[in-house]
Amino acid sequence: MKKFTIAVVSIFIFAGMAGPAQSSQVTAKKYSSCADMLKKYPNGVAKNKKSRNKAVKSGLSAPKVSKRVYKKNSDRLDKNNNGIVCGQKKAEPLIKAEPFTFAKNIDPSLPADWVAEFNQVMSNLGQLMPISERINEVPVVQSPFNIYAWNSAVSNPFPQIPGAQGASISGNGLTTWMVLEIPESELRDKDLHRYKVIAHEYFHVYQIAMSRDAEGTQWLWEGGAKVVEELYSQQYYGRSLFDSQLMPVNAAAVQTPKVFENYGSGKDGNYNGSAFLVLALAKELQQRGMSEERAFTAILRDFQDESAQEADWKKAFVNTFKMTVDEFYQSLSQYPTAEPTEDWISHRVVDATPVLPSKTLTLNSIFN
Ligand SMILES: [Zn+2]
């Protein structure tokens with residue numbers, strides 16, 4: 001080790017001695033290294049204006065034009081022979097550093113108690129699962145992120161979003177917003193969905209941020225939001241659709257899960273099938289030794305996090321869950337399907353009882 005150190009030191013000494021071959025000030029100076037040249041010419045030196053302009057176009061800071069200095073140094077320092085010595089990359093503009101915020105556009109058609117609870121839900125969610133600052137890197141999202149909410153008893157009062165209806169995260173390619181058209185019937189019947197829908201749509205924004213808006217797959221995206229929505233309901237309102245086994249779950253969820261990878265299967269009413277798949281995945285991870293909390297963290301957070309790096313969702317799936325999508329799909333054959341017990345249901349069903357999460361599972365324990 002000692003000998004090695006000495007050898008290194010001596011190389012430095014030689015390098016130092018061989019350094020700047022100082023010539024007279026009248027002729028151009030020969031620089032030993034770019035570090036040395038940059039002290040005098042912080043953006044390097046260009047052979048002529050043409051080379052300088054080319055350099056600027058390619059993203060370098062404008063170098064000083066000096067044929068003399070260039071000539072004297074080009075042999076050693078212009079490695080790629082592009083007419084520039086010691087070119088410097090232009091500093092990237094700083095990413096907007098302001099914290100991400102929501103802008104709440106609440107129409108007066110909504111009752112005061114809904115507005116109060118909306119503010120409470122948003123505050124709870126902001127603490128439970130803060131939106132990653134990564135969202136600033138998503139080109140189609142701008143902060144503040146607009147939320148437009150109104151009562152379906154009136155027609156869409158927001159001219160900024162013509163044609164908007166229902167509940168969704170929507171965008172125009174430049175920016176993205178949340179639509180919350182709250183059905184008048186839900187307000188009248190005091191249906192919990194009027195609040196749960198806030199958690200559902202908020203979680204989509206969480207997913208967009210965490211995954212940097214990765215193209216995912218429908219059942220993990222919607223199933224994740226549905227599960228968060230129901231867990232929120234269980235935790236804050238003491239009841240959820242888990243109490244009625246997410247009824248009905250279409251048997252296709254276990255027979256042909258692939259159809260839940262894309263929207264439009266027609267088999268995913270209220271995203272019950274997607275939610276079943278998320279819960280079944282959590283069960284499978286627990287059977288492989290994970291705690292329940294950890295399994296949900298892996299699905300709801302870590303998979304989105306991985307998707308920010310790995311655009312292919314099937315690869316992100318393997319990286320996160322240490323099993324392939326096909327292995328997971330095969331595991332679904334353990335859940336038997338049955339004829340529906342109620343005559344309004346027109347398809348075979350699968351009982352979600354074996355995959356339901358514990359009543360004590362909280363979003364705090366998942367997202368902490
Ligand atoms: Zn959704």
# chains A, B, ... in the order shown; residues from 1 in each chain; ligands from 1
>>> select_by_dssp(residues="range 23-211 of chain A", states="helix (DSSP H, G or I)", output="PyMOL selection string")
chain A and resi 34-40+49-57+67-77+112-128+133-137+184-188+193-210
>>> residues_near_ligand(ligand="ligand 1", cutoff="8 Å", atoms="only C-alpha atoms and all ligand atoms", output="list in words")
Ser168, Ile169, His200, Glu201, His204, Trp221, Glu222, Ala225 and Lys226 of chain A
>>> write_last_selection(atoms="N, CA and C atoms", output="PDB file, in the first residue's frame")
ATOM      1  N   SER A 168     -62.972  12.579 -12.179  1.00  0.00           N
ATOM      2  CA  SER A 168     -61.809  12.095 -12.921  1.00  0.00           C
ATOM      3  C   SER A 168     -60.612  13.006 -12.711  1.00  0.00           C
ATOM      4  N   ILE A 169     -59.472  12.505 -13.162  1.00  0.00           N
ATOM      5  CA  ILE A 169     -58.310  13.346 -13.381  1.00  0.00           C
ATOM      6  C   ILE A 169     -58.254  13.526 -14.898  1.00  0.00           C
ATOM      7  N   HIS A 200     -60.224   8.868  -3.722  1.00  0.00           N
ATOM      8  CA  HIS A 200     -59.925   8.128  -4.958  1.00  0.00           C
ATOM      9  C   HIS A 200     -59.157   9.012  -5.950  1.00  0.00           C
ATOM     10  N   GLU A 201     -59.703  10.191  -6.220  1.00  0.00           N
ATOM     11  CA  GLU A 201     -59.069  11.055  -7.227  1.00  0.00           C
ATOM     12  C   GLU A 201     -57.749  11.627  -6.709  1.00  0.00           C
ATOM     13  N   HIS A 204     -54.978   9.265  -7.337  1.00  0.00           N
ATOM     14  CA  HIS A 204     -54.454   9.279  -8.713  1.00  0.00           C
ATOM     15  C   HIS A 204     -53.361  10.348  -8.871  1.00  0.00           C
ATOM     16  N   TRP A 221     -53.663   0.658 -11.258  1.00  0.00           N
ATOM     17  CA  TRP A 221     -53.938   2.096 -11.146  1.00  0.00           C
ATOM     18  C   TRP A 221     -55.289   2.327 -10.481  1.00  0.00           C
ATOM     19  N   GLU A 222     -56.341   1.744 -11.049  1.00  0.00           N
ATOM     20  CA  GLU A 222     -57.696   1.957 -10.522  1.00  0.00           C
ATOM     21  C   GLU A 222     -57.953   1.115  -9.278  1.00  0.00           C
ATOM     22  N   ALA A 225     -56.455   2.933  -6.405  1.00  0.00           N
ATOM     23  CA  ALA A 225     -57.260   4.082  -5.972  1.00  0.00           C
ATOM     24  C   ALA A 225     -58.523   3.615  -5.248  1.00  0.00           C
ATOM     25  N   LYS A 226     -59.101   2.528  -5.750  1.00  0.00           N
ATOM     26  CA  LYS A 226     -60.312   1.995  -5.111  1.00  0.00           C
ATOM     27  C   LYS A 226     -59.995   1.473  -3.707  1.00  0.00           C
TER      28      LYS A 226
END
>>> select_by_dssp(residues="range 76-120 of chain A", states="strand (DSSP E)", output="MDAnalysis selection string")
chainID A and resid 84:85 102:106
>>> write_last_selection(atoms="C-alpha atoms", output="PDB file, in the first residue's frame")
ATOM      1  CA  ILE A  84     -13.938  24.058 -29.274  1.00  0.00           C
ATOM      2  CA  VAL A  85     -11.471  23.596 -26.440  1.00  0.00           C
ATOM      3  CA  PHE A 102     -53.864  22.357  -5.141  1.00  0.00           C
ATOM      4  CA  ALA A 103     -56.198  25.208  -6.128  1.00  0.00           C
ATOM      5  CA  LYS A 104     -59.734  24.472  -4.932  1.00  0.00           C
ATOM      6  CA  ASN A 105     -62.472  25.787  -7.195  1.00  0.00           C
ATOM      7  CA  ILE A 106     -65.641  24.949  -5.279  1.00  0.00           C
TER       8      ILE A 106
END
>>> residues_around(residues="Glu327 in chain A", least_positions_apart="5", cutoff="12 Å", atoms="only C-alpha atoms", output="list in words")
Pro257, Leu281, Glu284, Leu285, Lys314, Phe317, Val318, Phe321, Lys322, Leu332 and Ser333 of chain A
>>> residues_around(residues="Leu174 in chain A", least_positions_apart="6", cutoff="9 Å", atoms="only C-alpha atoms", output="list in words")
Pro139, Val140, Val141 and Gln142 of chain A
>>> residues_around(residues="Lys315 in chain A", least_positions_apart="5", cutoff="9 Å", atoms="only C-alpha atoms", output="ChimeraX atom specification")
/A:307,310,320,324-325
>>> residues_around(residues="Glu117 in chain A", least_positions_apart="6", cutoff="12 Å", atoms="only C-alpha atoms", output="number ranges by chain")
A: 110-111, 123-124, 192, 194-196, 198-199, 236-237
>>> write_last_selection(atoms="N, CA and C atoms", output="mmCIF file, in the first residue's frame")
data_model
loop_
_atom_site.group_PDB
_atom_site.id
_atom_site.type_symbol
_atom_site.label_atom_id
_atom_site.label_comp_id
_atom_site.auth_asym_id
_atom_site.auth_seq_id
_atom_site.Cartn_x
_atom_site.Cartn_y
_atom_site.Cartn_z
ATOM 1 N N LEU A 110 -72.557 23.460 -4.035
ATOM 2 C CA LEU A 110 -72.282 22.389 -3.070
ATOM 3 C C LEU A 110 -72.619 22.870 -1.658
ATOM 4 N N PRO A 111 -73.251 22.020 -0.856
ATOM 5 C CA PRO A 111 -73.628 22.441 0.502
ATOM 6 C C PRO A 111 -72.406 22.654 1.394
ATOM 7 N N SER A 123 -57.003 17.714 3.732
ATOM 8 C CA SER A 123 -55.974 17.920 4.756
ATOM 9 C C SER A 123 -55.469 16.570 5.273
ATOM 10 N N ASN A 124 -56.378 15.645 5.536
ATOM 11 C CA ASN A 124 -55.973 14.305 6.005
ATOM 12 C C ASN A 124 -55.077 13.614 4.969
ATOM 13 N N LEU A 192 -71.788 7.970 1.489
ATOM 14 C CA LEU A 192 -70.376 8.224 1.798
ATOM 15 C C LEU A 192 -69.522 8.427 0.558
ATOM 16 N N ARG A 194 -69.771 10.425 -1.654
ATOM 17 C CA ARG A 194 -69.548 11.850 -1.958
ATOM 18 C C ARG A 194 -68.233 12.346 -1.351
ATOM 19 N N TYR A 195 -67.742 11.662 -0.329
ATOM 20 C CA TYR A 195 -66.443 12.008 0.266
ATOM 21 C C TYR A 195 -65.335 11.053 -0.194
ATOM 22 N N LYS A 196 -65.691 9.756 -0.305
ATOM 23 C CA LYS A 196 -64.682 8.765 -0.692
ATOM 24 C C LYS A 196 -64.073 9.072 -2.057
ATOM 25 N N ILE A 198 -63.211 11.764 -3.196
ATOM 26 C CA ILE A 198 -62.091 12.717 -3.068
ATOM 27 C C ILE A 198 -60.793 11.936 -2.853
ATOM 28 N N ALA A 199 -60.863 10.926 -1.975
ATOM 29 C CA ALA A 199 -59.671 10.105 -1.704
ATOM 30 C C ALA A 199 -59.236 9.361 -2.967
ATOM 31 N N TYR A 236 -61.837 6.356 8.538
ATOM 32 C CA TYR A 236 -62.414 7.629 8.995
ATOM 33 C C TYR A 236 -63.920 7.580 9.220
ATOM 34 N N TYR A 237 -64.605 6.661 8.541
ATOM 35 C CA TYR A 237 -66.062 6.621 8.705
ATOM 36 C C TYR A 237 -66.527 5.305 9.322
#
